[in-house]
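Student: Below: one structure in structure tokens.
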Amino acid sequence: MTRVSIRDDLRALEGYHSPQVDVAVRLNTNEAPDEPPVEFREAVAAEVARVTWNRYPDRSATALREAIASLHGVDPSMIFAANGSNEVLQTILLTFAGPGRTVATFEPTYQLHAHIARLSGATVVEGERGDGFVLDLDEVRRVVDSANPSVTFLCSPNNPTGVVDAESDVRAVIDMAPGLVVVDEAYGQFSSWTAQSLVSDDAAVAVVRTFSKTWSMAAGRLGYVIAPAWMVAELDKVVLPYHLDAVKQAAGVLAIGYLDEMNARVERIVAERDRLVAALADLPVDVFPSGANFVLFRPRATSGRTVWQGLLDRGVLVRDCSGWPRLADCLRVTIGTPDENRIFHESLQEVLS
Ligand code: PMP
């Protein structure tokens, strides 16, 4: 059999690795610990029964755009939705990055920003975050001046560090960056502020959100961007026609009806996070302060990989960041249910003792 070779520029690329292991306590992918309300699930089932299966879905997802727009108090022309925020990011990068263009990230941050940018054919320039993984504006200036990026990524709260970028820093980056600034707010509900108000017709700023985390809908694959209408019109040209299926469009509209439940979930997760962080203070680990639904930590005397394996042996899966540049020995744990957090804490205690 003759194999065809992949694109030259993709040959050295590694795929995205996040093992899906069947264990009792899964705290590795930052989902919400609980399912959405049963009324939501029943309403989605009723909508499924009403789908006109032989016809394509509403190509512009009108009802969904309107529901998301009213959630944020913006015009529906400022909303573009896709299959998870990853597809939103991909569409943005296909539209505004690509061959011959540069994309800037400030590491460590969400790995898919750089990964999808490379898939688009763009060159990625990785800037560094400063002490405590906080944005360093001198470094941002150096990167944007030297690389002239078409797209600059920020992520607040940042995955995997949990750092919330200061509003003044985000405004400064927007002033400095020559091209589009994407603020990934996948964990935005945990933050005390949102960059949404920085989106305007005169600014190339886009704020990305997802239903995968606080809305308890990771299985549904739905994300969106709030952006100027002119930018959304460009994204609509690039994305595949009918990319959002009818069930997903209906599920998104219905989910927004459970906003109070979502906000209550965020409060519960934050309380659990603060409880877990306080409990970790008794263990020989360094904990990075988090403004999200996960916590990055580094065992002081045992290698990160050993601790990751020890936890897995006890049925607890966390994210192994220990081999990532700048994150030697670090692990990231998602805040789960009180029971899951207790099991994680007890298992970690055992592994470290
Ligand atoms: N952005 C960030 C910062 C994330 O952490 C994630 C999920 N891990 C995503 C985007 C993608 O989420 P989804 O595609 O499920 O919306």
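Residues in the structure tokens are named by chain (A, B, ... in the order shown) and by number from 1 within that chain; ligands are numbered from 1 in the order shown.
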Within 10 Å of ligand 1, which residues show up when you count only C-alpha atoms and all ligand atoms? List them as a PyMOL selection string, please.
Tutor: chain A and resi 18+28-31+82-90+109-113+154-160+162+183-188+208-213+217-224
Student: Pull the closest atom pair for each residue of region 194-258 of chain A that gets at most 10 Å from region 94-99 of chain A, along with the distance in Å to one decimal, counting only C-alpha atoms, ordering rows by chain and then ascending residue number, as a Markdown table.
Tutor:
```
| residue | atom | partner | partner_atom | distance |
| --- | --- | --- | --- | --- |
| A:Met231 | CA | A:Thr95 | CA | 9.4 |
| A:Glu234 | CA | A:Thr95 | CA | 7.1 |
| A:Leu235 | CA | A:Thr95 | CA | 6.5 |
| A:Asp236 | CA | A:Thr95 | CA | 9.6 |
| A:Lys237 | CA | A:Thr95 | CA | 8.7 |
| A:Val238 | CA | A:Thr95 | CA | 6.4 |
| A:Val239 | CA | A:Leu94 | CA | 8.8 |
```
Student: Given the choices A:Tyr242, A:Phe40, A:Trp324, A:Trp53, which gets closest to Met262 (chain A) if the distance is worked out from only C-alpha atoms?
Tutor: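 Looking at the shortest contact to Met262 (chain A), the residue is A:Phe40.
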Student: Restricting the calculation to only C-alpha atoms: of A:Thr306, A:Val199, A:Arg298, A:Val170, which residue gets closest to Ala229 (chain A)?
Tutor: A:Val199
Student: Give the alpha helix (DSSP H) residues of region 42-250 of chain A, as assigned by DSSP on the backbone, as a count of residues only.
Tutor: 78
Student: Have a look at CA of Asp320 (chain A) and CA of Gly304 (chain A) and let me know their distance in Å, one decimal.
Tutor: 7.4 Å
Student: Smallest atom-to-atom distance to Phe344 (chain A): which of A:Arg26, A:Glu14, A:Phe80, A:Ala61, using only C-alpha atoms?
Tutor: A:Arg26
Student: Of the residues A:Ala122, A:Ala281, A:Leu312, A:Ala264, which is the one nearest to Phe297 (chain A), using only C-alpha atoms?
Tutor: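 Distance minimum relative to Phe297 (chain A) lands on A:Ala281.
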Student: Please give the complete set of residues from region 180-287 of chain A that DSSP, run on the backbone, assigns to strand (DSSP E), formatted as a PyMOL selection string.
Tutor: chain A and resi 180-184+205-210+223-226+285-287
Student: Closest to Ile335 (chain A) among A:Leu180, A:Val25, A:Val51, A:Ala206, using only C-alpha atoms?
Tutor: A:Val25
Student: Applying 10 Å and only C-alpha atoms, which residues near Pro289 (chain A) remain after dropping the ones on its own chain fewer than 2 positions away? List them as a ChimeraX atom specification.
Tutor: /A:132,161-164,274,277,286-287,291-292,294-297
Student: So which residues touch Asp201 (chain A) within 10 Å, counting only C-alpha atoms, skipping near sequence neighbours fewer than 4 positions away, as an mmCIF file with all heavy atoms, in the first residue's frame?
Tutor:
```cif
data_model
loop_
_atom_site.group_PDB
_atom_site.id
_atom_site.type_symbol
_atom_site.label_atom_id
_atom_site.label_comp_id
_atom_site.auth_asym_id
_atom_site.auth_seq_id
_atom_site.Cartn_x
_atom_site.Cartn_y
_atom_site.Cartn_z
ATOM 1 N N MET A 78 -23.223 40.044 16.736
ATOM 2 C CA MET A 78 -21.903 39.978 17.385
ATOM 3 C C MET A 78 -21.583 38.595 17.940
ATOM 4 O O MET A 78 -20.583 38.415 18.638
ATOM 5 C CB MET A 78 -21.828 41.001 18.525
ATOM 6 C CG MET A 78 -21.891 42.437 18.039
ATOM 7 S SD MET A 78 -21.991 43.590 19.423
ATOM 8 C CE MET A 78 -20.365 43.378 20.167
ATOM 9 N N VAL A 205 -11.025 42.920 18.843
ATOM 10 C CA VAL A 205 -11.003 42.121 20.073
ATOM 11 C C VAL A 205 -12.133 41.095 19.989
ATOM 12 O O VAL A 205 -13.245 41.428 19.562
ATOM 13 C CB VAL A 205 -11.228 43.013 21.322
ATOM 14 C CG1 VAL A 205 -11.305 42.168 22.588
ATOM 15 C CG2 VAL A 205 -10.124 44.057 21.431
ATOM 16 N N ALA A 227 -17.826 39.211 19.289
ATOM 17 C CA ALA A 227 -16.869 39.937 18.451
ATOM 18 C C ALA A 227 -17.623 41.015 17.666
ATOM 19 O O ALA A 227 -18.855 40.946 17.553
ATOM 20 C CB ALA A 227 -16.165 38.962 17.494
ATOM 21 N N PRO A 228 -16.908 41.980 17.103
ATOM 22 C CA PRO A 228 -17.605 42.964 16.281
ATOM 23 C C PRO A 228 -18.330 42.277 15.114
ATOM 24 O O PRO A 228 -17.866 41.249 14.604
ATOM 25 C CB PRO A 228 -16.481 43.860 15.750
ATOM 26 C CG PRO A 228 -15.249 43.476 16.457
ATOM 27 C CD PRO A 228 -15.468 42.205 17.188
ATOM 28 N N ALA A 229 -19.446 42.855 14.683
ATOM 29 C CA ALA A 229 -20.266 42.228 13.634
ATOM 30 C C ALA A 229 -19.458 41.996 12.358
ATOM 31 O O ALA A 229 -19.624 40.961 11.692
ATOM 32 C CB ALA A 229 -21.490 43.101 13.350
ATOM 33 N N TRP A 230 -18.536 42.897 12.036
ATOM 34 C CA TRP A 230 -17.749 42.719 10.802
ATOM 35 C C TRP A 230 -16.886 41.458 10.891
ATOM 36 O O TRP A 230 -16.686 40.747 9.911
ATOM 37 C CB TRP A 230 -16.897 43.954 10.479
ATOM 38 C CG TRP A 230 -15.893 44.352 11.546
ATOM 39 C CD1 TRP A 230 -16.058 45.291 12.504
ATOM 40 C CD2 TRP A 230 -14.564 43.805 11.747
ATOM 41 N NE1 TRP A 230 -14.941 45.384 13.299
ATOM 42 C CE2 TRP A 230 -13.999 44.479 12.857
ATOM 43 C CE3 TRP A 230 -13.801 42.825 11.117
ATOM 44 C CZ2 TRP A 230 -12.722 44.210 13.348
ATOM 45 C CZ3 TRP A 230 -12.523 42.541 11.608
ATOM 46 C CH2 TRP A 230 -12.003 43.236 12.699
ATOM 47 N N MET A 231 -16.412 41.163 12.125
ATOM 48 C CA MET A 231 -15.565 39.978 12.298
ATOM 49 C C MET A 231 -16.415 38.704 12.212
ATOM 50 O O MET A 231 -16.019 37.710 11.581
ATOM 51 C CB MET A 231 -14.865 40.061 13.656
ATOM 52 C CG MET A 231 -13.641 39.194 13.768
ATOM 53 S SD MET A 231 -12.939 39.235 15.433
ATOM 54 C CE MET A 231 -12.355 40.906 15.565
#
```
Student: Using CA of Glu107 (chain A) and CA of Ser322 (chain A) as the two end points, give the distance in Å to one decimal.
Tutor: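 CA of Ser322 (chain A) lies 14.6 Å from CA of Glu107 (chain A).
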Student: Tell me which of A:Asp329, A:Asp313, A:Glu42, A:Asp175 sits closest to Glu350 (chain A), counting only C-alpha atoms.
Tutor: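 Ranked by minimum distance to Glu350 (chain A), first place goes to A:Asp313.
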Student: With a distance cut-off of 9 Å and only C-alpha atoms, select the neighbouring residues of region 46-50 of chain A, excluding the residue or stretch itself and same-chain residues fewer than 4 positions from it, and output the selection as a list in words.
Tutor: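 Here the answer would be Arg41, Glu42, Ala246, Val247, Ala250 and Ala251 of chain A.
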Student: At what distance in Å, to one decimal, does CA of Ala104 (chain A) lie from CA of Thr334 (chain A)?
Tutor: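 Between CA of Thr334 (chain A) and CA of Ala104 (chain A) the gap works out to 26.8 Å.
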